[in-house]
Structures are given as C-alpha cells and as structure tokens.
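Notes follow the structure.
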Amino acid sequence: MAGVADDMPGGPLAELAQEPLPPAYRWLRSAGWGVARVFSVVALAIAWEAAARSGAFTPFMLPALSAVLERIWNDLIHGELLLNTGVTLYRALTGFLIGAVAGIVLGMAISRNAVANWFFDPIISVGFPMPKIAFLPVVILWLGVYDVSKITMIAVEAIFPVVTATIIGIRGVERELLWSARNMGAGERELLWQIALPAALPQIITGLQVALPIAIVTEMFMGGYGLGGAMNTASRFADSRGVFAGIVEIAVVGYALVKIMSLARRRLLLWHQEAVAPSTV
C-alpha cells in the first residue's frame with residue numbers, strides 16, 4: 001500500500017517527477033542526442049578514409065577523405081568555392097522560388113476552377129513523368145547559354161511537384177470545413193485563402209521540400225560556373241579529387257538547405273498536429 005500511495009497524485013514519486021532536471025543533466029542529454037545525430041556521418045567518414053588507405057582502391061577510384069578535404073580547403077582559400085557556391089545558390093534558389101510561386105498559384109487555380117483544371121490537368125499529367133532536361137537544347141536555343149536558360153530549366157523542374165502537392169492538398173481539405181464556412185457566409189475567395197490554403201499548407205510544404213533538391217540537382221547538370229560545372233570540368237580532366245570534392249560540397253549545401261526548409265516548416269506549422277512529434281529531417 002505504501003508503494004501505491006507513493007505513486008498517487010501528490011505522493012513523493014509524483015513530486016520528484018515534477019521537479020526540473022538539473023542543468024548539467026539537461027546539457028549531457030542534449031550533447032548525447034547531438035552526438036547520436038552525427039554518428040552515422042562520422043562513421044561513414046572513417047570508413048571512407050580507411051577504405052582509401054587500405055590499398056583496395058587506387059587514389060583515382062577513391063581518393064582519401066583527407067585529400068578531398070584538403071582540396072576543398074584550397075578551393076576555399078583561392079575563392080573558387082565561394083564563387084561556385086554563390087552561383088549555384090543564385091540559380092537554384094531563383095528557379096526554385098519562381099517554380100514554387102507559379103506552382104502554388106497554378107495548383108490553386110486547377111483545384112478550384114473547372115476551366116483551369118480542364119486546360120492544365122492534361123499538361124501536368126503528361127509533363128510530370130517526362131525528363132524535363134530533354135528540353136534543354138530547345139531552351140538554350142531560345143534563351144541562350146547563360147543564367148536565363150538555366151533558371152528557366154530549374155523553374156520548370158521545380159514547378160511540377162509543387163503543383164501536384166498543392167492540388168492534392170486543397171482537394172483533400174475536409175468537406176465539413178468548407179460546408180461550415182459556407183454556412184457562415186464565406187465566399188469562394190474566403191474559402192480558398194482562409195480555409196483551403198491553410199489546411200493544405202502541410203502538403204504544399206512537402207511539395208516544396210521535394211522540389212528544392214530537384215532544383216539543386218538540375219543546376220548541377222546545367223554546366224558553366226557553379227558546383228556542378230566544377231565537377232563536370234574535374235571529370236573531363238580526370239581530376240578524381242575535384243569530383244569527390246564537388247560531391248562533398250553539394251552534400252553540405254543540400255543538407256543546409258534541407259535543414260532550413262525543415263525549420264521553416266516547423267515555424268509555419270506550429271498550429272498543426274505534426275508539430276507535436278519530433279521531425280526526422
């Protein structure tokens with residue numbers, strides 16, 4: 001009976017559970033979780049270095065991670081890394097923003113307007129599975145070989161997942177919400193901007209998270225200055241360290257952008273039920 005009394009509300013165990021944890025314990029727990037998150041990356045780096053130095057691979061096939069990091073450091077000192085990263089981010093983010101805005105607007109129109117749905121739905125259905133990079137020669141012929149053509153291709157690649165996510169999100173809004181809003185006198189504009197769009201926001205942000213890596217990968221294939229262009233140049237000259245350095249650089253940039261998108265998602269969806277559960281990104 002004494003054990004039961006201890007577990008009852010107001011008992012000694014309940015009071016102990018309600019006491020705040022010591023700062024040192026909280027710091028150790030946070031540090032432990034931080035180490036756990038990067039453990040897989042550290043293990044991969046150690047395995048890479050060990051495999052490169054084991055003699056099983058030639059330096060051309062698999063250069064050591066230390067040599068690749070040295071190459072990245074030299075590129076950073078000479079300014080090439082900052083230049084290429086800036087060009088890549090400018091093109092990728094500009095094309096991504098254009099595709100995001102156009103995709104959300106087009107998705108809203110298709111989901112709420114019969115004429116827009118009749119005209120654009122077949123185009124989206126046919127264009128989504130097609131490799132849009134096949135239109136690159138035509139885009140270069142029309143717009144040249146500079147930034148305009150590259151940004152256009154990035155926007156075209158990014159728009160399709162955003163359109164699809166917007167359509168699915170708005171059409172998946174619970175009918176009870178729309179009926180209740182109509183009964184309270186809401187018009188079509190209020191239904192779209194105040195009910196349907198906020199309710200579809202989780203799905204739309206998912207589409208944006210899918211489109212962002214696509215924008216970065218598309219920029220890589222466009223050539224010219226940038227991280228992808230530097231990788232292509234290194235590949236043509238059989239510069240193995242340059243190729244692997246580009247892979248590491250793009251991985252770091254992509255991870256940073258994905259984390260920023262994840263933080264933005266948490267901020268925008270504080271009201272949503274998924275904010276209660278910890279994110280895996």
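The way I read the labels, and the way they are meant: chains A, B, ... in the order of the structure tokens, residue 1 as the first residue of every chain, and ligand 1 as the first ligand shown, with later ones counted on from there.
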
Using only C-alpha atoms, what table do you get, as a tab-separated table, when you list each residue of segment 35-140 of chain A with an atom no more than 9 Å from segment 197-210 of chain A, its nearest pair of atoms, and their distance in Å rounded to one decimal, rows by chain then rising number?
```
residue	atom	partner	partner_atom	distance
A:Phe96	CA	A:Leu208	CA	8.6
A:Ala100	CA	A:Leu208	CA	6.8
A:Ile104	CA	A:Ile204	CA	7.7
A:Met108	CA	A:Leu197	CA	8.2
```

Keeping N, CA and C atoms for every residue in the selection just given, could you write it to a file as a PDB file, in the first residue's frame?
```
ATOM      1  N   PHE A  96      13.961  27.913 -58.070  1.00  0.00           N
ATOM      2  CA  PHE A  96      13.064  27.273 -57.100  1.00  0.00           C
ATOM      3  C   PHE A  96      11.950  28.216 -56.665  1.00  0.00           C
ATOM      4  N   ALA A 100       8.140  27.629 -57.281  1.00  0.00           N
ATOM      5  CA  ALA A 100       7.274  27.487 -56.111  1.00  0.00           C
ATOM      6  C   ALA A 100       6.057  28.400 -56.216  1.00  0.00           C
ATOM      7  N   ILE A 104       2.264  26.977 -56.834  1.00  0.00           N
ATOM      8  CA  ILE A 104       1.180  27.162 -55.861  1.00  0.00           C
ATOM      9  C   ILE A 104      -0.008  27.861 -56.511  1.00  0.00           C
ATOM     10  N   MET A 108      -3.609  26.085 -57.113  1.00  0.00           N
ATOM     11  CA  MET A 108      -4.840  26.662 -56.573  1.00  0.00           C
ATOM     12  C   MET A 108      -5.882  26.838 -57.674  1.00  0.00           C
TER      13      MET A 108
END
```

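Computed from the coordinates, the atom CA of Ile195 of chain A to atom CA of Ile170 of chain A distance equals 9.3 Å.
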
Hey, what's within 10 Å of segment 250-262 of chain A if we count only C-alpha atoms and toss same-chain stuff fewer than 5 positions away? As a ChimeraX atom specification, please?
/A:85,88-89,93,205-206,208-210,212-213,216-217,220,227-228,231,244-245,267-268,279-281

Within 12 Å of Ile154 of chain A, counting only C-alpha atoms, which residues show up once you throw out same-chain ones fewer than 2 positions away? Write them as JSON, numbers by chain, please.
{"A": [88, 89, 90, 91, 92, 93, 94, 95, 96, 97, 98, 99, 100, 132, 133, 135, 136, 139, 147, 148, 149, 150, 151, 152, 156, 157, 158, 159, 160, 211, 212, 213, 214, 215, 216, 217, 218, 219, 220, 221, 222]}

Keeping only C-alpha atoms, take the residues you just selected and write them out as a PDB file, in the first residue's frame.
```pdb
ATOM      1  CA  THR A  88      24.814  27.580 -57.669  1.00  0.00           C
ATOM      2  CA  LEU A  89      22.660  29.022 -54.881  1.00  0.00           C
ATOM      3  CA  TYR A  90      21.661  32.021 -57.010  1.00  0.00           C
ATOM      4  CA  ARG A  91      20.468  29.888 -59.904  1.00  0.00           C
ATOM      5  CA  ALA A  92      18.934  27.095 -57.837  1.00  0.00           C
ATOM      6  CA  LEU A  93      17.075  29.328 -55.381  1.00  0.00           C
ATOM      7  CA  THR A  94      15.881  31.772 -58.044  1.00  0.00           C
ATOM      8  CA  GLY A  95      14.497  28.976 -60.182  1.00  0.00           C
ATOM      9  CA  PHE A  96      13.064  27.273 -57.100  1.00  0.00           C
ATOM     10  CA  LEU A  97      11.252  30.432 -55.949  1.00  0.00           C
ATOM     11  CA  ILE A  98       9.812  31.029 -59.426  1.00  0.00           C
ATOM     12  CA  GLY A  99       8.668  27.415 -59.670  1.00  0.00           C
ATOM     13  CA  ALA A 100       7.274  27.487 -56.111  1.00  0.00           C
ATOM     14  CA  LYS A 132      12.354  17.913 -68.481  1.00  0.00           C
ATOM     15  CA  ILE A 133      16.116  18.046 -69.099  1.00  0.00           C
ATOM     16  CA  PHE A 135      14.067  20.280 -73.427  1.00  0.00           C
ATOM     17  CA  LEU A 136      17.464  21.782 -72.565  1.00  0.00           C
ATOM     18  CA  VAL A 139      15.662  26.233 -74.056  1.00  0.00           C
ATOM     19  CA  ASP A 147      21.665  32.229 -66.455  1.00  0.00           C
ATOM     20  CA  VAL A 148      18.229  32.822 -68.012  1.00  0.00           C
ATOM     21  CA  SER A 149      18.108  29.398 -69.654  1.00  0.00           C
ATOM     22  CA  LYS A 150      19.459  27.660 -66.556  1.00  0.00           C
ATOM     23  CA  ILE A 151      16.993  29.350 -64.200  1.00  0.00           C
ATOM     24  CA  THR A 152      14.165  28.553 -66.614  1.00  0.00           C
ATOM     25  CA  VAL A 156      10.284  24.032 -64.951  1.00  0.00           C
ATOM     26  CA  GLU A 157      11.697  21.094 -62.992  1.00  0.00           C
ATOM     27  CA  ALA A 158      10.566  22.518 -59.644  1.00  0.00           C
ATOM     28  CA  ILE A 159       7.046  23.518 -60.617  1.00  0.00           C
ATOM     29  CA  PHE A 160       5.600  20.027 -61.140  1.00  0.00           C
ATOM     30  CA  ALA A 211      11.242  20.479 -55.309  1.00  0.00           C
ATOM     31  CA  LEU A 212      14.263  22.013 -53.557  1.00  0.00           C
ATOM     32  CA  PRO A 213      16.693  19.071 -54.083  1.00  0.00           C
ATOM     33  CA  ILE A 214      15.403  18.758 -57.640  1.00  0.00           C
ATOM     34  CA  ALA A 215      16.348  22.404 -58.223  1.00  0.00           C
ATOM     35  CA  ILE A 216      19.865  21.791 -56.903  1.00  0.00           C
ATOM     36  CA  VAL A 217      20.364  18.634 -58.988  1.00  0.00           C
ATOM     37  CA  THR A 218      19.078  20.385 -62.109  1.00  0.00           C
ATOM     38  CA  GLU A 219      21.571  23.207 -61.608  1.00  0.00           C
ATOM     39  CA  MET A 220      24.361  20.640 -61.415  1.00  0.00           C
ATOM     40  CA  PHE A 221      23.576  19.342 -64.903  1.00  0.00           C
ATOM     41  CA  MET A 222      23.432  22.793 -66.484  1.00  0.00           C
TER      42      MET A 222
END
```
